4 protein chains.
Amino acid sequence: MKYVLAINFKTYKTSYGSSALKIARDADEVAKEYGDLIEVILLPPVTEILRIAGSVTHSNVFAQHVDPVDEGPYTGHVTVEMVKEAGASGVMINHSERRIRLDEISVILGRTRKLGLRTLVCADTPEVAAAVSTLTPDMLAIEPPELIGTGIPVSKARPEVVTGTVSRVRNLNREVLILTGAGITTGDDVAAAIKLGTQGVLVASAVMKAEDPGGVVREMAESITRTLV
Amino acid sequence: MKYVLAINFKTYKTSYGSSALKIARDADEVAKEYGDLIEVILLPPVTEILRIAGSVTHSNVFAQHVDPVDEGPYTGHVTVEMVKEAGASGVMINHSERRIRLDEISVILGRTRKLGLRTLVCADTPEVAAAVSTLTPDMLAIEPPELIGTGIPVSKARPEVVTGTVSRVRNLNREVLILTGAGITTGDDVAAAIKLGTQGVLVASAVMKAEDPGGVVREMAESITRTLV
Amino acid sequence: MKYVLAINFKTYKTSYGSSALKIARDADEVAKEYGDLIEVILLPPVTEILRIAGSVTHSNVFAQHVDPVDEGPYTGHVTVEMVKEAGASGVMINHSERRIRLDEISVILGRTRKLGLRTLVCADTPEVAAAVSTLTPDMLAIEPPELIGTGIPVSKARPEVVTGTVSRVRNLNREVLILTGAGITTGDDVAAAIKLGTQGVLVASAVMKAEDPGGVVREMAESITRTLV
Amino acid sequence: MKYVLAINFKTYKTSYGSSALKIARDADEVAKEYGDLIEVILLPPVTEILRIAGSVTHSNVFAQHVDPVDEGPYTGHVTVEMVKEAGASGVMINHSERRIRLDEISVILGRTRKLGLRTLVCADTPEVAAAVSTLTPDMLAIEPPELIGTGIPVSKARPEVVTGTVSRVRNLNREVLILTGAGITTGDDVAAAIKLGTQGVLVASAVMKAEDPGGVVREMAESITRTLV
C-alpha cells in the first residue's frame with residue numbers, strides 16, 4: 001500500500017491552462033521522487049484531463065466528478081467512458097461541492113468497476129463514510145464541509161471525526177483506503193492525518209492557491225515520509 | 001448572416017475519442033466548402049473540446065453545457081473560463097437533457113458575454129423561447145422534447161411550434177438566430193426548417209448515429225444551399 | 001387594483017401550528033379593515049394550507065411552492081390540484097430559496113391558469129423579471145437574494161433594481177402586478193416600494209420573527225394607505 | 001413485531017380530498033381488525049396529513065418525503081417539525097420518484113430520531129439497501145424502480161432482489177424492518193413478500209387506483225394473516 005496525496009484542482013483560477021499544467025508537472029516530479037511510498041493523484045477539471053494526463057508519468061489523474069449516465073442522448077453530461085478515454089484512471093464522486101444521490105453513487109461505482117477505473121468517494125460524517133464503505137469504493141475521503149477551504153485542518157479541529165470514521169469504516173470494510181480532507185494545509189497536518197489512522201489526504205486550496213504549489217506538495221510528501229520512519 | 005448547422009455530439013458512443021475526431025474533421029470539410037453561407041458548430045463533450053477545437057479550422061466549437069459558477073471552490077463543475085481555455089467559442093445551455101434554472105441561464109449569459117463567448121439557449125415551447133429571447137442570447141433552438149431522437153422532424157410533425165416560436169420571438173428580439181431542433185434527420189428536414197423561418201438547425205442522432213456522419217452533414221449543407229437559391 | 005401585502009411564512013419556527021394560525025388570523029383582521037385598498041396574501045407551509053385557509057375570510061392563501069407534476073405516480077411531490085383542494089387560491093414559485101427551471105415555471109403557469117389559481121413568480125434581477133413577465137403570471141416579485149432576511153430594504157439599498165424592474169417589465173407586460181421583496185421591514189420600507197412604482201410587497205422575517213406580527217402587518221397596511229392619500 | 005402494510009398515496013387523483021379520506025378510513029377499519037398482527041401505515045400527500053391524521057385512530061400516518069432543512073428561511077420546503085405538527089408519526093424518504101442525496105438521508109434520519117418520528121428509507125438494489133441499513137432507519141423498502149406501477153410483483157419477477165436484500169441487510173442490521181415494494185398487487189403478492197423473508201409491503205397503485213381500495217387493503221391483510229398461520 002502507498003499513502004495517497006490527492007490534489008483537487010476544483011475550479012480555482014489556477015485549475016486550468018498553463019498554471020494547471022505547471023502544478024501537475026511539479027506534483028509529478030514529487031510523485032517520481034517519492035513513488036515507492038506515495039501515490040500522487042491529480043484531480044484537474046474535466047476539460048483539462050486530456051492535457052494533464054498526457055503530461056504526467058508518475059501520477060494518476062482522476063476526474064472530480066462523473067455523471068451516472070450511459071452512452072446515449074445525455075447532452076451536457078460526463079460519462080465514465082469519456083474521462084477514461086481522456087486519460088483518467090479513476091474518478092472522485094460525492095464531494096461536498098458536488099454531492100450526488102445514494103443510488104447514483106452505487107451506479108457510478110458499478111460502471112467504474114466494469115471499466116477498470118478506481119474510485120474515491122467523499123463523505124461528510126463517520127456515519128456517511130460507513131454507509132459508503134459498504135459499497136466498496138477503492139478510497140473514501142472524510143471531509144467535514146464546514147472546514148473545507150478554511151486552513152483549519154480537520155485532524156486538529158475535529159480529530160474525533162477522523163478517528164470515528166476509521167473505527168466505523170474498519171468494522172465494515174478492511175480494504176478501502178481512508179483519506180483525510182478539509183483544511184489540510186501543511187506537512188504537519190498531513191502527518192497528523194496519517195497518525196490518526198488514515199492512509200492519505202485530499203487537499204485543494206493549500207496547493208492550488210499557494211505561491212509555490214510544487215513546494216507545498218513536496219513538503220507534504222516529505223512529511224508523510226518522516227511520519228512513516 | 002450565415003445559416004447554422006449545429007451538431008450536438010451528446011454522449012453517444014461516437015461522441016468521444018477517434019470517432020468524434022473523425023466526425024469533427026468531416027464536418028469541418030463541409031464547413032470549409034460551404035463557409036460563405038453556413039456556419040458549422042460542433043458541440044463535443046467537455047472532455048473533447050480541447051482536442052476537437054485544436055483539430056478544426058472552419059467550424060466553431062461550443063460546449064454542450066456550462067455551470068453557473070465562478071472560479072473558486074466548485075469541485076466537479078465546468079466554468080465558462082475553462083471551456084474558453086479549451087478552445088470553445090461558445091456554449092449551449094438549457095438543452096432538454098440538461099435543463100437549468102432561469103436565474104442560472106441569466107447568470108451564464110452574463111458571464112459568456114463578458115468573456116466574449118457566444119450563446120445558444122434551448123427552449124421547449126414558443127412561450128419559453130420568447131422568455132429566453134428577452135435575455136438576448138446569440139441563438140436559441142426550439143426543440144419539443146418529445147420529438148428529440150425520434151427521427152420525426154418537428155418541422156413536419158409540429159410546424160406550428162416552429163412558426164409560433166418565430167412569431168413570438170420576433171416580437172421581442174429581432175436579432176437572435178432561431179434554430180430548429182428535434183427529429184431533424186434529412187436534408188429535406190433542414191430545408192423545411194429554413195422555410196418555416198428559422199436560421200438553422202440543431203441536430204444530434206441523425207449525424208452521430210449515422211453510418212456516414214460526414215455525408216449527412218454534407219447533405220444538410222447542400223439542402224440549405226438549394227433552399228436559398 | 002388593490003395593493004398587495006404578501007406574507008411568506010417560510011419554515012420559520014412560527015410558520016406552523018398555533019403561532020402560524022395566530023399570525024394568519026391577525027393578518028386577516030388587517031385584511032378585513034383595509035380590504036378596499038389592500039389584498040393580504042398568506043403563504044403558509046404546505047402542511048398548514050388546509051388549516052389556515054379554513055380559518056381566514058378576508059385574506060387569500062397561496063402555496064410557497066408547487067411541483068410541475070400531474071396527478072399520478074409522483075411520490076413526495078405537491079401538485080397544483082392538491083394545494084387548490086386544501087384551500088389555496090394561488091401559488092408562488094421560483095423564490096430564491098426554491099428556484100426552479102424555466103420550463104417548469106412555464107408548465108406550472110399553464111396548470112394554475114387551467115385550474116383557476118393565481119400566480120406569483122419571484123425574480124432576482126430586472127432581466128429575469130422581464131423574462132418572467134412574458135409568461136404572464138398575475139404577479140411577480142423582485143427580490144435581490146443578497147438582501148433577503150437582512151432587514152436592509154431593497155427599496156433603500158438598491159432602488160435601481162426596483163425601478164429597473166418596473167421599466168423593463170412594463171415594456172413587455174402592462175398588467176402583471178410587481179411586488180418588492182427582500183429586506184422589507186417597516187411601514188416606511190413598504191411606502192418606499194410603492195413610491196418606486198411597485199404594487200405591493202413580499203415580506204417574511206419582518207413579520208414571522210416579530211414580537212407582534214399582527215402589529216407589523218397593520219403598520220405596513222397603514223403605510224400603504226397613507227402613501228396613497 | 002407487527003407486519004407492515006404501507007400505502008403510498010403518491011399524487012394519484014384519489015390521493016387528496018374526499019377520495020383520500022375514504023381510502024384512509026377504510027384502511028383504518030382494516031387496521032382496527034388486524035391490529036394485533038399488522039401495522040397499517042398511510043402515506044398521504046403532505047397537504048392531507050393534517051386531515052387524515054385527524055381522521056384515523058388505528059393507523060399511523062407518514063409523510064411521503066421531507067426536506068433536510070431546519071426551521072428558518074427555507075421557502076417552499078417541508079420540515080420534519082411540520083409533518084410532526086400535522087400529525088405524522090414518521091417519514092418515508094428516498095422513494096425512487098423522489099430520490100435524495102446520501103448526506104441528506106443521514107441528516108433527515110438524525111432529525112427524525114431527535115423528534116421521535118420513525119423512518120422508512122427506500123432503496124433500489126440490495127447494495128443500496130445494505131448501505132442504507134448502516135444508517136439505522138426503522139424500516140427500509142426494497143423497490144426495483146422498473147417494476148413500480150407495473151402490477152408485476154418484484155416477489156415474482158425478481159425474487160433474488162428481495163432475498164439478496166434480506167441477506168445483505170441482515171449481515172449489517174438485525175433490527176430494521178424490511179418491506180417489499182414494486183408491483184405488489186394482490187394478497188398473493190403480499191404473501192410471497194412475507195415468505196421471502198421481509199416484514200411487510202409498500203404498495204401504491206394497487207390500492208390507489210382500485211375500484212374498491214378498502215377491499216384490496218383487506219385482502220392484503222388477510223393474506224398476511226393466512227401466511228403466518
# chains A, B, ... in the order shown; residues from 1 in each chain; ligands from 1
call {"tool": "residues_around", "arguments": {"residues": "Gly183 of chain B", "least_positions_apart": "6", "cutoff": "10 Å", "atoms": "only C-alpha atoms", "output": "list in words"}}
result
Glu143, Pro144, Pro145, Glu146, Leu147, Ile148, Gly149, Thr150, Gly151, Ile152, Pro153, Val154, Ser155, Lys156, Ala157, Asp189, Leu202, Val203, Ala204, Ser205 and Ala206 of chain B
call {"tool": "select_by_dssp", "arguments": {"residues": "segment 147-190 of chain B", "states": "helix (DSSP H, G or I)", "output": "ChimeraX atom specification"}}
result
/B:147,154-157,159-172,187-190
call {"tool": "write_last_selection", "arguments": {"atoms": "C-alpha atoms", "output": "PDB file, in the first residue's frame"}}
result
ATOM      1  CA  LEU B 147     -39.574  14.546 -30.767  1.00  0.00           C
ATOM      2  CA  VAL B 154     -40.555  18.965 -35.683  1.00  0.00           C
ATOM      3  CA  SER B 155     -40.768  20.873 -38.960  1.00  0.00           C
ATOM      4  CA  LYS B 156     -43.126  18.196 -40.249  1.00  0.00           C
ATOM      5  CA  ALA B 157     -44.819  16.885 -37.097  1.00  0.00           C
ATOM      6  CA  PRO B 159     -44.605  23.074 -37.767  1.00  0.00           C
ATOM      7  CA  GLU B 160     -46.815  25.382 -35.686  1.00  0.00           C
ATOM      8  CA  VAL B 161     -44.294  25.089 -32.837  1.00  0.00           C
ATOM      9  CA  VAL B 162     -41.614  26.438 -35.138  1.00  0.00           C
ATOM     10  CA  THR B 163     -43.707  29.198 -36.706  1.00  0.00           C
ATOM     11  CA  GLY B 164     -45.179  30.087 -33.316  1.00  0.00           C
ATOM     12  CA  THR B 165     -41.679  30.450 -31.956  1.00  0.00           C
ATOM     13  CA  VAL B 166     -40.602  32.632 -34.847  1.00  0.00           C
ATOM     14  CA  SER B 167     -43.553  34.966 -34.481  1.00  0.00           C
ATOM     15  CA  ARG B 168     -43.417  35.228 -30.697  1.00  0.00           C
ATOM     16  CA  VAL B 169     -39.671  35.678 -30.569  1.00  0.00           C
ATOM     17  CA  ARG B 170     -39.557  38.225 -33.378  1.00  0.00           C
ATOM     18  CA  ASN B 171     -41.978  40.441 -31.432  1.00  0.00           C
ATOM     19  CA  LEU B 172     -39.363  40.666 -28.697  1.00  0.00           C
ATOM     20  CA  GLY B 187     -31.644  17.461 -45.959  1.00  0.00           C
ATOM     21  CA  ASP B 188     -35.364  17.916 -46.569  1.00  0.00           C
ATOM     22  CA  ASP B 189     -35.972  18.407 -42.857  1.00  0.00           C
ATOM     23  CA  VAL B 190     -33.318  21.096 -42.814  1.00  0.00           C
TER      24      VAL B 190
END
call {"tool": "atom_distance", "arguments": {"atom1": "atom CA of Ser15 of chain D", "atom2": "atom CA of Val91 of chain C"}}
result
19.8 Å
call {"tool": "atom_distance", "arguments": {"atom1": "atom CA of Thr225 of chain A", "atom2": "atom CA of Gly54 of chain A"}}
result
27.7 Å
call {"tool": "select_by_dssp", "arguments": {"residues": "segment 188-220 of chain A", "states": "strand (DSSP E or B)", "output": "VMD selection string"}}
result
chain A and resid 200 to 203
call {"tool": "interface_residues", "arguments": {"of": "chain A", "to": "chain D", "cutoff": "9 Å", "atoms": "only C-alpha atoms", "output": "list of chain:residue names"}}
result
A:Asn94, A:Arg99, A:Ile100, A:Arg101, A:Leu102, A:Asp103, A:Glu104, A:Ile105, A:Ser106, A:Ala123, A:Asp124, A:Thr125, A:Glu127, A:Val128, A:Ala130, A:Ala131, A:Val132, A:Ser133, A:Thr134, A:Leu135, A:Leu172
